[in-house]
Amino acid sequence: MHKFLFTAESTFDGVVDRSFTLGDIPGVLWSPESPASGAPLMLMGHGGGLNKRAPGLVARARAMAAEHGFHAAAIDVQGHGDRSRTDRDQRWVDEMLRARAAGESLAPSITAYNGSLADRTVPEWQATIDALQALPEVGTDAPIGYMGMTLATTIGIPLAAADARIRAAIFGGVFVYDALLSAAREVSIPIEFLMPLDDPEIDRASGLEIFDAFGSTEKTLLAFPGSHFRVPQTQLDTSFFVRQFERAGMPLA
């Protein structure tokens, strides 16, 4: 089992920010200064090309800790943030950049790349959940949610399908492929799905296809103008998780 270590800590405006490592996985845990027993744990996925400390992700994580009393955690996907990129990953990235510059579809390269990252990252997230639940301030009774767009959705859908500890999720803006559709059919938790209406790289049809595939009986499609590069803050409604956990009778802070 990989060793879990906190490597740095700071506190600002009532939120404790702790960097950690789990083996070679770097991550961050944000918590209220005095978390309530059983406070929920939010898993914050980052988009492609971003990292665990992307400004928008950090802002949402801090808000969850400060406003809702949640813990929030993020890790770097391989090839992002503090983790090096493999030669194979670099070839996929080079092909994506070439296709984007040429105005060609990114789907062939990005679905292969993201699918490979998902295969590697799902077990890393599960190991991270195990390590965080071993902390006395988190514990095994805390309800868990997941939130993230694009690459984070490619990872989050199979994670939610594989791990029953995740009880609600916000996904969106994702390139769709057969394995991801199969995983979506196995997801039965409440979800919100964010769909950009005018994205030059992700068409509306694929968004509707993945939304329809979800096996959840409670799912909401939230469409917004523009692309996945700029999601309106009003669409990232973190109170969704408060409502879901309260309705399920789970303990909240």
# chains A, B, ... in the order shown; residues from 1 in each chain; ligands from 1
>>> select_by_dssp(residues="region 47-181 of chain A", states="strand (DSSP E or B)", output="PyMOL selection string")
chain A and resi 71-75+144-147+166-172
>>> residues_around(residues="Met64 (chain A)", least_positions_apart="5", cutoff="10 Å", atoms="only C-alpha atoms", output="mmCIF file with C-alpha atoms, in the first residue's frame")
data_model
loop_
_atom_site.group_PDB
_atom_site.id
_atom_site.type_symbol
_atom_site.label_atom_id
_atom_site.label_comp_id
_atom_site.auth_asym_id
_atom_site.auth_seq_id
_atom_site.Cartn_x
_atom_site.Cartn_y
_atom_site.Cartn_z
ATOM 1 C CA VAL A 15 -10.234 26.919 5.080
ATOM 2 C CA TRP A 30 -9.339 21.458 1.576
ATOM 3 C CA SER A 31 -11.257 21.361 4.870
ATOM 4 C CA PRO A 32 -13.058 23.717 7.245
ATOM 5 C CA PRO A 40 -19.171 15.150 3.116
ATOM 6 C CA LEU A 41 -16.130 14.618 0.910
ATOM 7 C CA MET A 42 -16.123 16.158 -2.585
ATOM 8 C CA VAL A 58 -9.640 25.809 -6.155
ATOM 9 C CA ALA A 59 -12.373 28.449 -5.921
ATOM 10 C CA GLY A 69 -18.557 22.604 5.604
ATOM 11 C CA PHE A 70 -17.412 19.942 3.120
ATOM 12 C CA HIS A 71 -13.984 18.439 2.664
ATOM 13 C CA ALA A 72 -12.809 18.693 -0.967
ATOM 14 C CA THR A 238 -22.610 23.109 -5.622
ATOM 15 C CA SER A 239 -25.839 23.225 -3.590
ATOM 16 C CA PHE A 241 -24.793 18.065 -3.511
ATOM 17 C CA VAL A 242 -26.265 19.537 -0.328
#
>>> residues_around(residues="Ile189 (chain A)", least_positions_apart="2", cutoff="8 Å", atoms="only C-alpha atoms", output="ChimeraX atom specification")
/A:166-169,187,191,216-218
>>> select_by_dssp(residues="region 56-89 of chain A", states="alpha helix (DSSP H)", output="number ranges by chain")
A: 56-68, 87-89
>>> residues_around(residues="region 96-103 of chain A", least_positions_apart="5", cutoff="12 Å", atoms="only C-alpha atoms", output="PyMOL selection string")
chain A and resi 48-49+89-91+108-114+200-201
>>> residues_around(residues="region 133-137 of chain A", least_positions_apart="6", cutoff="9 Å", atoms="only C-alpha atoms", output="list of chain:residue names")
A:Pro35, A:Ala36, A:Ser37, A:Gly38, A:Ala39
>>> closest_atom_pairs(of="region 37-67 of chain A", to="region 146-163 of chain A", cutoff="6 Å", atoms="only C-alpha atoms", output="JSON lines")
{"residue": "A:Met42", "atom": "CA", "partner": "A:Tyr146", "partner_atom": "CA", "distance": 5.7}
{"residue": "A:Leu43", "atom": "CA", "partner": "A:Tyr146", "partner_atom": "CA", "distance": 4.6}
{"residue": "A:Met44", "atom": "CA", "partner": "A:Met147", "partner_atom": "CA", "distance": 5.2}
{"residue": "A:Gly45", "atom": "CA", "partner": "A:Ala152", "partner_atom": "CA", "distance": 4.7}
{"residue": "A:His46", "atom": "CA", "partner": "A:Ala152", "partner_atom": "CA", "distance": 5.4}
{"residue": "A:Gly47", "atom": "CA", "partner": "A:Leu151", "partner_atom": "CA", "distance": 4.9}
{"residue": "A:Gly48", "atom": "CA", "partner": "A:Leu151", "partner_atom": "CA", "distance": 5.1}
>>> atom_distance(atom1="CA of Val93 (chain A)", atom2="CA of Val77 (chain A)")
14.3 Å
>>> closest_residue(among="A:Gly215, A:Gly14, A:Gly172, A:Gly145", to="Ile129 (chain A)", atoms="only C-alpha atoms")
A:Gly145
>>> closest_residue(among="A:Leu132, A:Asp119, A:Asn51, A:Glu33", to="Leu5 (chain A)", atoms="only C-alpha atoms")
A:Leu132
>>> residues_around(residues="Leu22 (chain A)", least_positions_apart="3", cutoff="7 Å", atoms="only C-alpha atoms", output="compact mmCIF listing (two decimals) with C-alpha atoms, in the first residue's frame")
# COMPACT_ATOMS: atom_id res chain seq x y z
CA HIS A 2 1.30 3.46 -0.92
CA LYS A 3 2.17 5.77 1.96
CA PHE A 4 -0.05 8.83 2.47
CA LEU A 5 1.78 11.99 3.58
CA ILE A 25 0.06 10.76 -6.73
CA PRO A 26 0.09 14.42 -5.64
>>> residues_around(residues="Leu221 (chain A)", least_positions_apart="3", cutoff="8 Å", atoms="only C-alpha atoms", output="list of chain:residue names")
A:Glu192, A:Phe193, A:Leu194, A:Met195, A:Phe211
>>> write_last_selection(atoms="N, CA and C atoms", output="short mmCIF file (atom, residue, chain, number, x, y, z; two decimals), in the first residue's frame")
data_model
loop_
_atom_site.label_atom_id
_atom_site.label_comp_id
_atom_site.auth_asym_id
_atom_site.auth_seq_id
_atom_site.Cartn_x
_atom_site.Cartn_y
_atom_site.Cartn_z
N GLU A 192 -26.16 15.83 -12.37
CA GLU A 192 -26.40 16.96 -13.24
C GLU A 192 -25.39 16.88 -14.37
N PHE A 193 -25.86 17.11 -15.61
CA PHE A 193 -24.97 17.05 -16.76
C PHE A 193 -24.98 18.40 -17.45
N LEU A 194 -23.80 19.04 -17.58
CA LEU A 194 -23.67 20.36 -18.18
C LEU A 194 -23.27 20.21 -19.65
N MET A 195 -24.08 20.81 -20.54
CA MET A 195 -23.85 20.64 -21.97
C MET A 195 -23.66 21.99 -22.66
N PHE A 211 -26.01 11.73 -22.09
CA PHE A 211 -27.04 12.00 -21.09
C PHE A 211 -28.11 10.91 -21.11
#
>>> atom_distance(atom1="CA of Leu29 (chain A)", atom2="CA of Ala73 (chain A)")
4.5 Å
>>> decode(residues="region 145-187 of chain A", atoms="N, CA and C atoms", output="mmCIF file, in the first residue's frame")
data_model
loop_
_atom_site.group_PDB
_atom_site.id
_atom_site.type_symbol
_atom_site.label_atom_id
_atom_site.label_comp_id
_atom_site.auth_asym_id
_atom_site.auth_seq_id
_atom_site.Cartn_x
_atom_site.Cartn_y
_atom_site.Cartn_z
ATOM 1 N N GLY A 145 -19.217 12.964 -3.100
ATOM 2 C CA GLY A 145 -19.674 13.431 -4.401
ATOM 3 C C GLY A 145 -18.488 13.620 -5.329
ATOM 4 N N TYR A 146 -18.792 13.766 -6.611
ATOM 5 C CA TYR A 146 -17.748 13.977 -7.625
ATOM 6 C C TYR A 146 -18.191 15.094 -8.548
ATOM 7 N N MET A 147 -17.222 15.922 -8.973
ATOM 8 C CA MET A 147 -17.533 17.062 -9.824
ATOM 9 C C MET A 147 -16.398 17.317 -10.797
ATOM 10 N N GLY A 148 -16.721 17.488 -12.090
ATOM 11 C CA GLY A 148 -15.686 17.829 -13.054
ATOM 12 C C GLY A 148 -16.175 17.755 -14.479
ATOM 13 N N MET A 149 -15.572 18.582 -15.337
ATOM 14 C CA MET A 149 -15.915 18.662 -16.760
ATOM 15 C C MET A 149 -14.803 18.051 -17.616
ATOM 16 N N THR A 150 -15.132 17.773 -18.846
ATOM 17 C CA THR A 150 -14.240 17.279 -19.904
ATOM 18 C C THR A 150 -13.462 16.050 -19.435
ATOM 19 N N LEU A 151 -12.134 16.137 -19.339
ATOM 20 C CA LEU A 151 -11.349 14.974 -18.904
ATOM 21 C C LEU A 151 -11.842 14.448 -17.563
ATOM 22 N N ALA A 152 -12.226 15.343 -16.669
ATOM 23 C CA ALA A 152 -12.717 14.906 -15.362
ATOM 24 C C ALA A 152 -13.988 14.080 -15.492
ATOM 25 N N THR A 153 -14.808 14.367 -16.492
ATOM 26 C CA THR A 153 -16.005 13.557 -16.735
ATOM 27 C C THR A 153 -15.635 12.206 -17.326
ATOM 28 N N THR A 154 -14.662 12.203 -18.243
ATOM 29 C CA THR A 154 -14.196 10.938 -18.813
ATOM 30 C C THR A 154 -13.709 9.997 -17.716
ATOM 31 N N ILE A 155 -13.107 10.544 -16.681
ATOM 32 C CA ILE A 155 -12.642 9.748 -15.545
ATOM 33 C C ILE A 155 -13.771 9.494 -14.556
ATOM 34 N N GLY A 156 -14.599 10.504 -14.319
ATOM 35 C CA GLY A 156 -15.622 10.409 -13.282
ATOM 36 C C GLY A 156 -16.729 9.434 -13.582
ATOM 37 N N ILE A 157 -17.108 9.294 -14.849
ATOM 38 C CA ILE A 157 -18.193 8.359 -15.181
ATOM 39 C C ILE A 157 -17.801 6.918 -14.856
ATOM 40 N N PRO A 158 -16.652 6.406 -15.352
ATOM 41 C CA PRO A 158 -16.295 5.034 -14.949
ATOM 42 C C PRO A 158 -15.991 4.904 -13.465
ATOM 43 N N LEU A 159 -15.528 5.986 -12.823
ATOM 44 C CA LEU A 159 -15.305 5.934 -11.380
ATOM 45 C C LEU A 159 -16.629 5.765 -10.646
ATOM 46 N N ALA A 160 -17.631 6.546 -11.026
ATOM 47 C CA ALA A 160 -18.939 6.434 -10.385
ATOM 48 C C ALA A 160 -19.578 5.074 -10.662
ATOM 49 N N ALA A 161 -19.330 4.521 -11.844
ATOM 50 C CA ALA A 161 -19.867 3.201 -12.165
ATOM 51 C C ALA A 161 -19.205 2.106 -11.337
ATOM 52 N N ALA A 162 -17.923 2.313 -11.001
ATOM 53 C CA ALA A 162 -17.152 1.267 -10.321
ATOM 54 C C ALA A 162 -17.197 1.356 -8.810
ATOM 55 N N ASP A 163 -17.496 2.545 -8.249
ATOM 56 C CA ASP A 163 -17.352 2.746 -6.809
ATOM 57 C C ASP A 163 -18.651 3.263 -6.200
ATOM 58 N N ALA A 164 -19.312 2.418 -5.431
ATOM 59 C CA ALA A 164 -20.607 2.764 -4.846
ATOM 60 C C ALA A 164 -20.505 3.815 -3.749
ATOM 61 N N ARG A 165 -19.294 4.176 -3.351
ATOM 62 C CA ARG A 165 -19.148 5.206 -2.325
ATOM 63 C C ARG A 165 -19.525 6.590 -2.853
ATOM 64 N N ILE A 166 -19.477 6.762 -4.153
ATOM 65 C CA ILE A 166 -19.850 8.048 -4.753
ATOM 66 C C ILE A 166 -21.366 8.089 -4.896
ATOM 67 N N ARG A 167 -21.984 9.125 -4.315
ATOM 68 C CA ARG A 167 -23.441 9.139 -4.210
ATOM 69 C C ARG A 167 -24.134 10.200 -5.052
ATOM 70 N N ALA A 168 -23.392 11.126 -5.651
ATOM 71 C CA ALA A 168 -23.964 12.145 -6.533
ATOM 72 C C ALA A 168 -22.823 12.753 -7.334
ATOM 73 N N ALA A 169 -23.134 13.284 -8.541
ATOM 74 C CA ALA A 169 -22.062 13.801 -9.393
ATOM 75 C C ALA A 169 -22.575 14.882 -10.332
ATOM 76 N N ILE A 170 -21.665 15.788 -10.689
ATOM 77 C CA ILE A 170 -21.868 16.752 -11.767
ATOM 78 C C ILE A 170 -20.830 16.452 -12.841
ATOM 79 N N PHE A 171 -21.325 16.159 -14.058
ATOM 80 C CA PHE A 171 -20.466 15.871 -15.204
ATOM 81 C C PHE A 171 -20.756 16.883 -16.314
ATOM 82 N N GLY A 172 -19.986 16.799 -17.418
ATOM 83 C CA GLY A 172 -20.318 17.633 -18.565
ATOM 84 C C GLY A 172 -19.192 17.812 -19.554
ATOM 85 N N GLY A 173 -19.566 18.275 -20.761
ATOM 86 C CA GLY A 173 -18.622 18.679 -21.790
ATOM 87 C C GLY A 173 -17.620 17.617 -22.163
ATOM 88 N N VAL A 174 -18.099 16.444 -22.614
ATOM 89 C CA VAL A 174 -17.187 15.317 -22.776
ATOM 90 C C VAL A 174 -17.233 14.748 -24.191
ATOM 91 N N PHE A 175 -16.077 14.302 -24.693
ATOM 92 C CA PHE A 175 -16.024 13.541 -25.933
ATOM 93 C C PHE A 175 -16.539 12.126 -25.647
ATOM 94 N N VAL A 176 -17.446 11.653 -26.467
ATOM 95 C CA VAL A 176 -18.143 10.392 -26.205
ATOM 96 C C VAL A 176 -17.555 9.264 -27.050
ATOM 97 N N TYR A 177 -17.383 8.107 -26.435
ATOM 98 C CA TYR A 177 -16.939 6.911 -27.144
ATOM 99 C C TYR A 177 -17.616 5.703 -26.505
ATOM 100 N N ASP A 178 -17.523 4.538 -27.141
ATOM 101 C CA ASP A 178 -18.341 3.381 -26.751
ATOM 102 C C ASP A 178 -18.131 2.966 -25.304
ATOM 103 N N ALA A 179 -16.876 2.898 -24.849
ATOM 104 C CA ALA A 179 -16.613 2.455 -23.471
ATOM 105 C C ALA A 179 -17.211 3.428 -22.463
ATOM 106 N N LEU A 180 -17.211 4.728 -22.794
ATOM 107 C CA LEU A 180 -17.777 5.708 -21.877
ATOM 108 C C LEU A 180 -19.299 5.578 -21.822
ATOM 109 N N LEU A 181 -19.923 5.306 -22.955
ATOM 110 C CA LEU A 181 -21.370 5.067 -22.969
ATOM 111 C C LEU A 181 -21.721 3.837 -22.135
ATOM 112 N N SER A 182 -20.917 2.804 -22.244
ATOM 113 C CA SER A 182 -21.165 1.592 -21.450
ATOM 114 C C SER A 182 -21.060 1.888 -19.962
ATOM 115 N N ALA A 183 -20.060 2.672 -19.577
ATOM 116 C CA ALA A 183 -19.913 3.032 -18.170
ATOM 117 C C ALA A 183 -21.088 3.882 -17.706
ATOM 118 N N ALA A 184 -21.541 4.814 -18.548
ATOM 119 C CA ALA A 184 -22.668 5.680 -18.176
ATOM 120 C C ALA A 184 -23.921 4.861 -17.886
ATOM 121 N N ARG A 185 -24.116 3.785 -18.606
ATOM 122 C CA ARG A 185 -25.297 2.941 -18.373
ATOM 123 C C ARG A 185 -25.260 2.294 -16.992
ATOM 124 N N GLU A 186 -24.063 2.186 -16.406
ATOM 125 C CA GLU A 186 -23.913 1.596 -15.082
ATOM 126 C C GLU A 186 -24.028 2.617 -13.961
ATOM 127 N N VAL A 187 -24.129 3.901 -14.304
ATOM 128 C CA VAL A 187 -24.237 4.965 -13.297
ATOM 129 C C VAL A 187 -25.699 5.151 -12.932
#
